[in-house]
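Down below is the structure, laid out as structure tokens.
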Amino acid sequence: MNKLKKLFYVLVKYAGFYVYFGPARIRALFYSLLFKKVGKKVFIFGPFRCGAPENISVGNEVVFSNNCVVGGDYGVSIGNFVMIGQNTTIVSSNHGHQLKGVPMLRQEMYGSKVLINDDVWIGANAVILPGVKIGQGAIIAAGSVVTKDIEPYTIAAGNPAKPIKKRFSDSDINILLDRVKSPLYRYYKTDYAKKFVPRFYEADK
Ligand SMILES: CC(C)(COP(=O)(O)OP(=O)(O)OC[C@H]1O[C@@H](n2cnc3c(N)ncnc32)[C@H](O)[C@@H]1OP(=O)(O)O)[C@@H](O)C(=O)NCCC(=O)NCCS
């Protein structure tokens, strides 16, 4: 009986995993047909909406939580190991509004590319505006509206989002920024990197 129970729990556990993550993987595979690029192990939880998907590129190991919106008109580039909280909106375009007497609807759009670097965590309900660059390792607090670039390893919060603190010391941040340039970066936290490149982990102590 105990064995049966165990088997039942294992089945529920694995089935639960596939029921929860499966559709998000399938959605990512679908968007890999439309996006400029989609890396490995990308999860897109639904509902997900986007415009100009041909201008959106997504790296490896990226998660879009439920209800994200991405406007790719002027380009959106997302790096590796990025987590995007639920209800986040990323836009790369603005409506023209400078001409007098012309309805804004009829004015030309303008905008520029949004760049989200590796290892960024974007909290729920954030809005990322056109042209913004979010540095590696930065955190965007829940509900923030990001209007300007955010430095690497900085936590930014509010509307407009302002830096509230750095995650680590400047010297550690420099080591971490160097890691990305290493061809070993993609092996990060694997036994291979731990054994052969201990320098990789200096900043982790
Ligand atoms: C930013 C965050 C990670 C907190 O980081 P933290 O290092 O623990 O920061 P603290 O909680 O110590 O807060 C530091 C300051 O920032 C403020 N702050 C924290 N989150 C904030 C937010 N979302 N908006 C505005 N201010 C915020 C705090 O009030 C505090 O202000 P104070 O110094 O005046 O008291 C967290 O608040 C957050 O927004 N997480 C996102 C959670 C989320 O969206 N999860 C679901 C998606 S995965």
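How things are named: the first chain in the structure tokens is A, the next is B, and so on; residues count from 1 in each chain; ligands count from 1 in the order shown.
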
Closest atom pairs, chain A residues within 7 Å of ligand 1, only C-alpha atoms and all ligand atoms, as a Markdown table:
| residue | atom | partner | partner_atom_place_in_ligand_line | distance |
| --- | --- | --- | --- | --- |
| A:Met83 | CA | ligand 1 | 48 (S) | 6.6 |
| A:Ile84 | CA | ligand 1 | 48 (S) | 6.4 |
| A:Gly85 | CA | ligand 1 | 47 (C) | 3.6 |
| A:Gln86 | CA | ligand 1 | 47 (C) | 5.8 |
| A:Ile122 | CA | ligand 1 | 47 (C) | 6.9 |
| A:Gly123 | CA | ligand 1 | 44 (O) | 3.3 |
| A:Ala124 | CA | ligand 1 | 44 (O) | 3.7 |
| A:Ile139 | CA | ligand 1 | 1 (C) | 6.5 |
| A:Ile140 | CA | ligand 1 | 1 (C) | 6.4 |
| A:Ala141 | CA | ligand 1 | 39 (O) | 3.3 |
| A:Ala142 | CA | ligand 1 | 39 (O) | 3.8 |
| A:Gly143 | CA | ligand 1 | 23 (N) | 5.5 |
| A:Ser144 | CA | ligand 1 | 24 (N) | 6.1 |
| A:Ile155 | CA | ligand 1 | 1 (C) | 6.2 |
| A:Ala157 | CA | ligand 1 | 25 (C) | 4.6 |
| A:Gly158 | CA | ligand 1 | 25 (C) | 4.5 |
| A:Ile164 | CA | ligand 1 | 16 (O) | 6.0 |

So that I can see what lies close to range 102-110 of chain A, please list as an MDAnalysis selection string the residues with an atom at most 12 Å from it, counting only C-alpha atoms and leaving out residues fewer than 2 positions away in the same chain. chainID A and resid 73:75 91:100 112:113 130:131

Just N, CA and C atoms for this one: save the residues we selected as a PDB file, in the first residue's frame.
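Output saved as part.pdb:
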ATOM      1  N   ASP A  73       8.363  46.791 -31.748  1.00  0.00           N
ATOM      2  CA  ASP A  73       8.462  47.659 -32.946  1.00  0.00           C
ATOM      3  C   ASP A  73       9.885  48.130 -33.254  1.00  0.00           C
ATOM      4  N   TYR A  74      10.583  48.656 -32.232  1.00  0.00           N
ATOM      5  CA  TYR A  74      11.933  49.189 -32.463  1.00  0.00           C
ATOM      6  C   TYR A  74      13.006  48.257 -31.888  1.00  0.00           C
ATOM      7  N   GLY A  75      12.625  47.057 -31.532  1.00  0.00           N
ATOM      8  CA  GLY A  75      13.579  46.054 -31.067  1.00  0.00           C
ATOM      9  C   GLY A  75      13.574  45.879 -29.569  1.00  0.00           C
ATOM     10  N   VAL A  91       7.961  48.102 -23.731  1.00  0.00           N
ATOM     11  CA  VAL A  91       7.589  48.757 -24.998  1.00  0.00           C
ATOM     12  C   VAL A  91       8.794  49.453 -25.601  1.00  0.00           C
ATOM     13  N   SER A  92       8.852  49.451 -26.919  1.00  0.00           N
ATOM     14  CA  SER A  92      10.000  50.085 -27.581  1.00  0.00           C
ATOM     15  C   SER A  92       9.562  51.265 -28.445  1.00  0.00           C
ATOM     16  N   SER A  93       8.260  51.594 -28.449  1.00  0.00           N
ATOM     17  CA  SER A  93       7.799  52.682 -29.328  1.00  0.00           C
ATOM     18  C   SER A  93       6.953  53.706 -28.579  1.00  0.00           C
ATOM     19  N   ASN A  94       6.952  54.916 -29.115  1.00  0.00           N
ATOM     20  CA  ASN A  94       6.104  56.008 -28.613  1.00  0.00           C
ATOM     21  C   ASN A  94       5.267  56.539 -29.772  1.00  0.00           C
ATOM     22  N   HIS A  95       4.112  57.135 -29.437  1.00  0.00           N
ATOM     23  CA  HIS A  95       3.361  57.855 -30.473  1.00  0.00           C
ATOM     24  C   HIS A  95       3.939  59.248 -30.584  1.00  0.00           C
ATOM     25  N   GLY A  96       4.121  59.731 -31.840  1.00  0.00           N
ATOM     26  CA  GLY A  96       4.555  61.105 -32.038  1.00  0.00           C
ATOM     27  C   GLY A  96       3.518  62.044 -31.423  1.00  0.00           C
ATOM     28  N   HIS A  97       3.975  63.119 -30.801  1.00  0.00           N
ATOM     29  CA  HIS A  97       3.023  64.046 -30.166  1.00  0.00           C
ATOM     30  C   HIS A  97       3.470  65.493 -30.297  1.00  0.00           C
ATOM     31  N   GLN A  98       4.504  65.739 -31.155  1.00  0.00           N
ATOM     32  CA  GLN A  98       5.058  67.092 -31.234  1.00  0.00           C
ATOM     33  C   GLN A  98       4.281  68.008 -32.183  1.00  0.00           C
ATOM     34  N   LEU A  99       3.626  67.435 -33.206  1.00  0.00           N
ATOM     35  CA  LEU A  99       2.958  68.272 -34.218  1.00  0.00           C
ATOM     36  C   LEU A  99       1.661  68.849 -33.680  1.00  0.00           C
ATOM     37  N   LYS A 100       1.509  70.177 -33.894  1.00  0.00           N
ATOM     38  CA  LYS A 100       0.252  70.823 -33.455  1.00  0.00           C
ATOM     39  C   LYS A 100      -0.855  70.490 -34.444  1.00  0.00           C
ATOM     40  N   SER A 112      13.055  53.458 -29.651  1.00  0.00           N
ATOM     41  CA  SER A 112      14.357  52.803 -29.793  1.00  0.00           C
ATOM     42  C   SER A 112      14.398  51.517 -28.977  1.00  0.00           C
ATOM     43  N   LYS A 113      15.449  50.765 -29.263  1.00  0.00           N
ATOM     44  CA  LYS A 113      15.541  49.388 -28.773  1.00  0.00           C
ATOM     45  C   LYS A 113      15.647  49.314 -27.243  1.00  0.00           C
ATOM     46  N   PRO A 130      10.706  52.707 -23.925  1.00  0.00           N
ATOM     47  CA  PRO A 130      11.605  52.627 -25.081  1.00  0.00           C
ATOM     48  C   PRO A 130      13.020  53.128 -24.789  1.00  0.00           C
ATOM     49  N   GLY A 131      13.986  52.457 -25.375  1.00  0.00           N
ATOM     50  CA  GLY A 131      15.383  52.896 -25.319  1.00  0.00           C
ATOM     51  C   GLY A 131      16.116  52.552 -24.050  1.00  0.00           C
TER      52      GLY A 131
END

Per-residue DSSP, chain A, filtered to strand (DSSP E or B), as a ChimeraX atom specification: /A:37-38,43-44,49-51,56-58,62-64,69-71,76-78,82-84,89-91,93-95,109-111,114-116,121-122,127-128,133-134,139-140,145-146,150,154-157,162-166

Which of range 60-203 of chain A fall in alpha helix (DSSP H), as a list of chain:residue names: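 Of range 60-203 of chain A, the ones in alpha helix (DSSP H) are A:Asp170, A:Ser171, A:Asp172, A:Ile173, A:Asn174, A:Ile175, A:Leu176, A:Leu177, A:Asp178, A:Arg179, A:Val180, A:Lys181, A:Asp191, A:Tyr192, A:Ala193, A:Lys194, A:Lys195, A:Phe196.
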
Suppose you want the space between CA of Asn117 in chain A and CA of Phe21 in chain A; what is it in Å?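 Computing the Euclidean distance for CA of Asn117 in chain A and CA of Phe21 in chain A yields 24.0 Å.
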
So, counting only C-alpha atoms, which residue among A:Val62, A:Cys68, A:Cys50, A:Leu4 is closest to Arg25 in chain A?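 Looking only at the distances to Arg25 in chain A, the closest residue turns out to be A:Val62.
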
Neighbouring residues of Lys40 in chain A were defined as those with any atom within 8 Å, considering only C-alpha atoms; residues of the same chain fewer than 2 positions away were excluded. Please report them as a compact mmCIF listing (two decimals) with N, CA and C atoms, in the first residue's frame.
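Saved the output as out-v4.txt:
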# COMPACT_ATOMS: atom_id res chain seq x y z
N VAL A 38 15.17 32.79 -30.15
CA VAL A 38 14.77 32.28 -28.84
C VAL A 38 15.80 31.22 -28.44
N VAL A 42 13.58 28.30 -22.53
CA VAL A 42 12.77 29.52 -22.35
C VAL A 42 11.35 29.11 -21.99
N GLY A 59 17.40 35.29 -24.99
CA GLY A 59 18.53 34.37 -24.79
C GLY A 59 18.12 33.05 -24.17
N ASN A 60 19.10 32.39 -23.53
CA ASN A 60 18.84 31.09 -22.89
C ASN A 60 18.31 31.29 -21.48
N GLU A 61 17.50 30.35 -21.04
CA GLU A 61 16.98 30.32 -19.66
C GLU A 61 16.32 31.63 -19.26

Phe48 in chain A surroundings by only C-alpha atoms, 10 Å radius, close-in-sequence under 5 positions cut, as a PyMOL selection string: chain A and resi 24+27+64-70+86-87

Residues of the last selection are to be written out with N, CA and C atoms, as an mmCIF file, in the first residue's frame.
data_model
loop_
_atom_site.group_PDB
_atom_site.id
_atom_site.type_symbol
_atom_site.label_atom_id
_atom_site.label_comp_id
_atom_site.auth_asym_id
_atom_site.auth_seq_id
_atom_site.Cartn_x
_atom_site.Cartn_y
_atom_site.Cartn_z
ATOM 1 N N ALA A 24 4.020 26.410 -20.980
ATOM 2 C CA ALA A 24 4.944 27.552 -21.096
ATOM 3 C C ALA A 24 6.100 27.215 -22.046
ATOM 4 N N ARG A 27 4.589 27.213 -25.578
ATOM 5 C CA ARG A 27 4.420 28.602 -26.039
ATOM 6 C C ARG A 27 5.765 29.161 -26.513
ATOM 7 N N PHE A 64 9.176 34.294 -18.800
ATOM 8 C CA PHE A 64 8.155 35.341 -18.801
ATOM 9 C C PHE A 64 7.008 34.809 -17.951
ATOM 10 N N SER A 65 6.685 35.477 -16.837
ATOM 11 C CA SER A 65 5.537 35.026 -16.040
ATOM 12 C C SER A 65 4.243 35.430 -16.740
ATOM 13 N N ASN A 66 3.118 35.123 -16.079
ATOM 14 C CA ASN A 66 1.814 35.338 -16.726
ATOM 15 C C ASN A 66 1.588 36.792 -17.133
ATOM 16 N N ASN A 67 0.923 36.932 -18.261
ATOM 17 C CA ASN A 67 0.361 38.221 -18.654
ATOM 18 C C ASN A 67 1.388 39.287 -19.028
ATOM 19 N N CYS A 68 2.484 38.894 -19.614
ATOM 20 C CA CYS A 68 3.471 39.895 -20.050
ATOM 21 C C CYS A 68 3.101 40.409 -21.446
ATOM 22 N N VAL A 69 3.500 41.648 -21.703
ATOM 23 C CA VAL A 69 3.261 42.257 -23.007
ATOM 24 C C VAL A 69 4.593 42.815 -23.505
ATOM 25 N N VAL A 70 4.964 42.484 -24.735
ATOM 26 C CA VAL A 70 6.233 42.972 -25.278
ATOM 27 C C VAL A 70 5.974 43.597 -26.649
ATOM 28 N N GLN A 86 5.124 38.768 -13.476
ATOM 29 C CA GLN A 86 3.808 38.824 -14.101
ATOM 30 C C GLN A 86 3.361 40.264 -14.365
ATOM 31 N N ASN A 87 2.585 40.428 -15.414
ATOM 32 C CA ASN A 87 2.018 41.730 -15.836
ATOM 33 C C ASN A 87 3.063 42.757 -16.251
#

Quick check, in Å to one decimal: how far apart do CA of Asn55 in chain A and CA of Ile78 in chain A lie? 11.1 Å
